[in-house]
Amino acid sequence: MSELTKKSLTEIANLIKKKEIKSEELTKSFIKNIEKDKKLNSLVTKCSESALKKAKDFDKKPKLDTLLPGIPIAVKDLFCTSGVKTTAGSKMLENFIPNYESTITNNLWNEGAFLLGKLNCDEYAMGSSNETSYFGNVMNPIAENTVPGGSSGGSASALAADLTPATIGTDTGGSIRQPASFTGTVGLKPTYGLCSRWGIVAFASSLDQAGPMTRNVEDCALMLEAMASFDERDSTSINKKKENYSKNLTDKIKGLKIGIPKEYRVEGMSKEIEKLWENGKKILKDSGAEIVDISLPNTKYALPAYYIVAPAEASSNLARYDGVKYGFRSSKGNNLIEMYENTRSEGFGDEVKRRILIGTYVLSSGYYDAYYLKAQKVRQLIKNDFDQAFKKVDTILTPSTPSSAFKIGEKKDDPISMYLNDIFTVPVNLAGIPAISIPAGHDNNKFPLGLQLIGKPLDEQKLLNTAFAVEKKINFKQILNRWWEK
Amino acid sequence: MQSKRKLILNKFLIDGGKNRLMSDRSEKYLINGEKDKWEVVIGLEVHAQVTSNSKLFSGSSTTFGAEPNTQVSLVDSAFPGMLPVINEYCVQQAVKTGLGLNAKINPYSVFDRKNYFYADLPQGYQISQYKNPIVGEGEITLDLPNGSKKVGIERLHLEQDAGKSIHDLDPSNTFVDLNRSGVALMEIVSKPDLRSPDEVNAYVKKLRSIMRYLGTCDGNMQEGSLRADVNVSVRKEGDTKLGTRCEIKNVNSIKFMQMAIIYESKRQVELLESGKSIDQETRLFDIKKNETRSMRSKEDAHDYRYFPDPDLLPLNLDKKLIEKIRKDLPELPDEKKERFIKEHSLTPYEANVLVSEKEISNYFEEVIKSSDKKLTKNWIMGDLFASLNEKNISISESPVTAKKMAELIDSISSGVISGRTAKEVFEIMKETGEDPKKIIESKGLQQKSDPKELEKIIDKILSDNKDKAEQYKSGKDKLFGFFVGQVMKESGGKANPQLVNEILKKKLK
């Protein structure tokens with residue numbers, strides 16, 4: 001029955017609803033896969049025992065009128081889960097067990113799912129390769145010693161390797177879409193405010209957004225439907241009616257206008273990416289959509305603006321990890337200041353420290369106007385660019401990343417080159433709009449490549465529909481030799 | 001706990017018009033240096049705790065004096081993933097206060113993070129308002145003995161309070177109590193319009209009075225509901241340019257504010273007169289030594305790295321809400337004062353005293369609605385205030401309730417007892433809280449107001465003192481008092497003095 005783990009979330013949900021399989025059987029097959037996670041290192045915490053118990057409980061009293069009936073799901077270790085360690089990939093929270101449940105995970109459990117495990121990620125979601133986690137690198141199932149992307153690297157890896165039928169990540173600058181692209185999976189970053197941030201360890205509050213990571217677009221619609229809700233505990237949550245993304249999913253996109261931004265054709269872009277993009281355009285055209293050339297003139301300022309805004313917010317958000325109330329506290333130090341210094345020096349990794357330093361610097365008096373304020377103005381310009389573009393088009397098509405997955409260690413000591421990985425994903429976060437990455441082909445190494453579709457605010461349905469149409473025609477197939485199981 | 005504040009208040013009320021604490025108030029307050037006369041310029045940043053059942057960004061209770069760390073939510077203790085949600089009641093309280101200060105309400109305001117590390121600041125930042133406060137410029141009127149003075153309000157903004165560090169419970173550890181963490185404060189910043197410790201006294205009292213009328217801050221300084229940072233600078237008399245200021249942090253009583261200002265202004269004058277300059281710095285006031293000391297210089301000043309809190313949307317106030325709050329504002333001290341002067345023929349001074357505290361004005365209004373105006377005013381401002389001051393209690397704690405006070409006054413105006421007897425009755429009332437009628441009855445203190453009975457007594461006195469009666473009739477007017485005294489003595493002090501006068505005059509014609 002190991003084939004079960006290869007099925008899509010939608011298929012599994014239907015099998016359970018039709019009572020063709022039991023939750024216990026399903027859960028056992030995922031647990032079996034999870035036991036072989038050692039080389040991938042995608043999990044920080046396994047919840048096999050409690051998951052099995054939940055599965056049995058479900059089977060005794062199956063609630064079938066839910067979106068995710070009896071389905072075990074592993075989640076990024078940035079979501080606080082009641083009674084289960086939540087580490088954010090950091091030594092600082094190595095032993096932190098919250099007594100509260102994040103709104104997003106709670107929504108999933110309310111739809112019949114239960115927790116299968118906590119997935120590795122970059123420390124406090126800061127990274128593009130999952131190499132900054134205190135719990136070690138995560139490997140990409142596509143090839144040994146290859147990064148899965150980041151920061152939701154564990155999520156992407158576990159999903160691609162069939163350790164979980166679907167998962168959730170968070171996306172601050174590309175942390176869902178880039179790993180999805182690197183692992184041949186689907187990842188959606190919703191409109192800022194569609195999914196509650198309550199109970200998610202914060203990185204950069206004005207950019208952080210949780211989203212689904214799935215095997216296909218249909219699953220993505222199902223997961224988003226389960227996740228999205230208005231939450232009065234999050235002041236930035238959008239108060240809107242729930243939508244039935246999965247029910248309303250269609251590949252009929254005739255007449256849609258698809259924008260191709262010329263600024264995304266960056267210098268040194270590989271032939272393979274060019275080809276992928278062209279293929280995407282062709283497919284959309286074949287589906288009856290109209291291709292429109294557009295301009296997003298301020299795109300080149302997005303990455304520098306992002307690397308001011310995100311660290312600035314992070315430097316403040318991470319001030320609470322001071323060793324006073326919970327989490328790691330250094331045993332060294334003779335007074336409060338020394339305790340702070342030692343706790344934060346020992347508790348945070350290099351990338352987190354780097355961003356705290358950058359953030360502290362750009363907010364300092366005398367520098368605030370030149371950096372933070374200017375970055376906020378750039379952010380507005382980027383948003384204006386999209387607003388203008390969306391007057392002409394419904395959806396924008398771009399590559400998800402400038403390259404396919406790279407080797408572990410390849411960019412570790414070159415932060416700038418690492419940051420450049422987010423070049424296509426970051427503008428979307430700055431503008432607060434939704435975007436999805438779908439697998440669209442392979443490069444010469446047989447590594448997956450993704451295409452990104454960008455939508456209007458709260459226009460997730462059209463975005464999913466467009467992605468659905470492209471997915472059908474692309475007919476992407478994962479190539480995995482399951483090296484980690486050997 | 002509350003008594004000290006009341007003591008100061010009542011002292012002010014008692015002494016207010018007569019025995020002035022300071023030198024002649026019609027004169028400018030100046031520091032006489034060795035060489036020059038110096039003017040003191042003061043601005044206040046008052047931190048007033050918003051009256052609200054729950055905190056500014058969480059649902060935790062704000063009750064004072066609870067067991068440490070029992071009123072703390074996950075938000076207040078900054079657990080990972082926790083988010084602030086604005087308490088709309090606190091916003092309305094701030095708007096109400098702004099309107100009470102005749103200030104401009106800003107329909108758009110922004111919450112910022114003020115970043116610094118301290119053990120009792122769980123988030124590592126305080127949520128405050130920096131560039132866009134909820135309330136802009138306003139002004140309040142101080143009633144000073146030599147007239148009124150307007151003091152400008154620069155702004156009012158909302159912010160979170162921090163927790164409390166307790167350093168003296170253990171030799172090597174500091175304990176932290178987060179009950180106060182996240183409680184809503186209004187920071188009310190004055191313009192540098194104050195010129196003396198007396199004016200500071202009047203300003204803080206007026207501010208507190210307005211907020212208590214509004215019900216937006218209980219003004220309890222002992223519980224830390226009201227504290228202030230005091231900015232002091234000096235300049236030569238006649239100069240118009242402001243001198244360099246020092247900020248004295250976190251002073252929690254009016255008396256200490258005044259002491260700190262007196263010390264600090266003298267220190268600055270001495271420095272300037274000896275040719276030195278003032279360093280702009282933050283200082284603290286040492287109550288025991290009665291001096292201010294440097295806390296940190298301008299160079300060491302914290303860089304708070306203010307930036308808009310991304311967890312909160314800007315605050316957009318509905319104009320209708322502002323208008324509704326404006327419409328529902330209660331009568332404030334200044335309006336009440338004008339009304340008292342008109343309705344009850346009070347002098348401005350008397351009206352000031354009677355409106356200074358909401359509870360006092362309520363008491364006064366309850367008594368005066370049924371009782372003689374002049375007697376009411378004199379009894380409340382005289383014997384009642386003296387008793388409060390003597391016992392160090394507030395008017396709402398007085399055993400003599402407004403109802404009983406009215407009964408006492410009515411017994412005077414209806415002639416049941418004399419004013420002098422009333423004082424005796426009041427002495428008992430202020431101790432026991434007994435009903436005045438019962439006291440009068442049980443002690444048999446009713447006046448003799450039966451003319452026939454009084455005539456009998458008077459006839460007896462006149463026949464016993466025929467010689468003196470003759471002397472009076474032949475022009476020795478002063479003897480009238482003698483006869484009155486004799487009649488009162490004979491009646492055991494109960495004779496109605498007015499009647500005695502009337503009858504005596506008739507009989508001695």
# chains A, B, ... in the order shown; residues from 1 in each chain; ligands from 1
$ select_by_dssp --residues "range 29-258 of chain B" --states "strand (DSSP E)" --output "PyMOL selection string"
chain B and resi 30-32+37-49+108-109+112-115+125-128+138-144+147-160+164-166+175-177+184-190+226-236+246-251
$ interface_residues --of "chain A" --to "chain B" --cutoff "7 Å" --atoms "only C-alpha atoms" --output "list in words"
Trp198, Gly199, Ile200, Val201, Ala202, Ser205, Ser206, Arg233, Asp234, Ser235, Thr236, Ser316, Ala319, Arg320, Val324, Leu363, Ser364 and Ser365 of chain A
$ select_by_dssp --residues "range 304-415 of chain A" --states "helix (DSSP H, G or I)" --output "ChimeraX atom specification"
/A:304-320,336-347,350-363,369-392,415
$ closest_residue --among "B:Lys430, B:Gly415, B:Lys404, B:Gly43" --to "Leu384 in chain B" --atoms "only C-alpha atoms"
B:Lys430
$ residues_around --residues "Gln446 in chain B" --least-positions-apart "6" --cutoff "8 Å" --atoms "only C-alpha atoms" --output "VMD selection string"
chain B and resid 416 to 417 440 494
$ write_last_selection --atoms "N, CA and C atoms" --output "PDB file, in the first residue's frame"
ATOM      1  N   VAL B 416     -33.695  74.700  64.578  1.00  0.00           N
ATOM      2  CA  VAL B 416     -33.697  73.630  65.586  1.00  0.00           C
ATOM      3  C   VAL B 416     -32.463  73.747  66.479  1.00  0.00           C
ATOM      4  N   ILE B 417     -31.350  74.036  65.861  1.00  0.00           N
ATOM      5  CA  ILE B 417     -30.140  74.251  66.675  1.00  0.00           C
ATOM      6  C   ILE B 417     -29.453  75.521  66.185  1.00  0.00           C
ATOM      7  N   ILE B 440     -29.007  65.288  68.053  1.00  0.00           N
ATOM      8  CA  ILE B 440     -29.700  66.430  68.655  1.00  0.00           C
ATOM      9  C   ILE B 440     -30.745  65.948  69.662  1.00  0.00           C
ATOM     10  N   LYS B 494     -29.421  76.781  75.011  1.00  0.00           N
ATOM     11  CA  LYS B 494     -30.340  76.290  74.000  1.00  0.00           C
ATOM     12  C   LYS B 494     -31.297  77.348  73.462  1.00  0.00           C
TER      13      LYS B 494
END
$ residues_around --residues "range 293-295 of chain A" --least-positions-apart "2" --cutoff "6 Å" --atoms "only C-alpha atoms" --output "PyMOL selection string"
chain A and resi 259-262+297
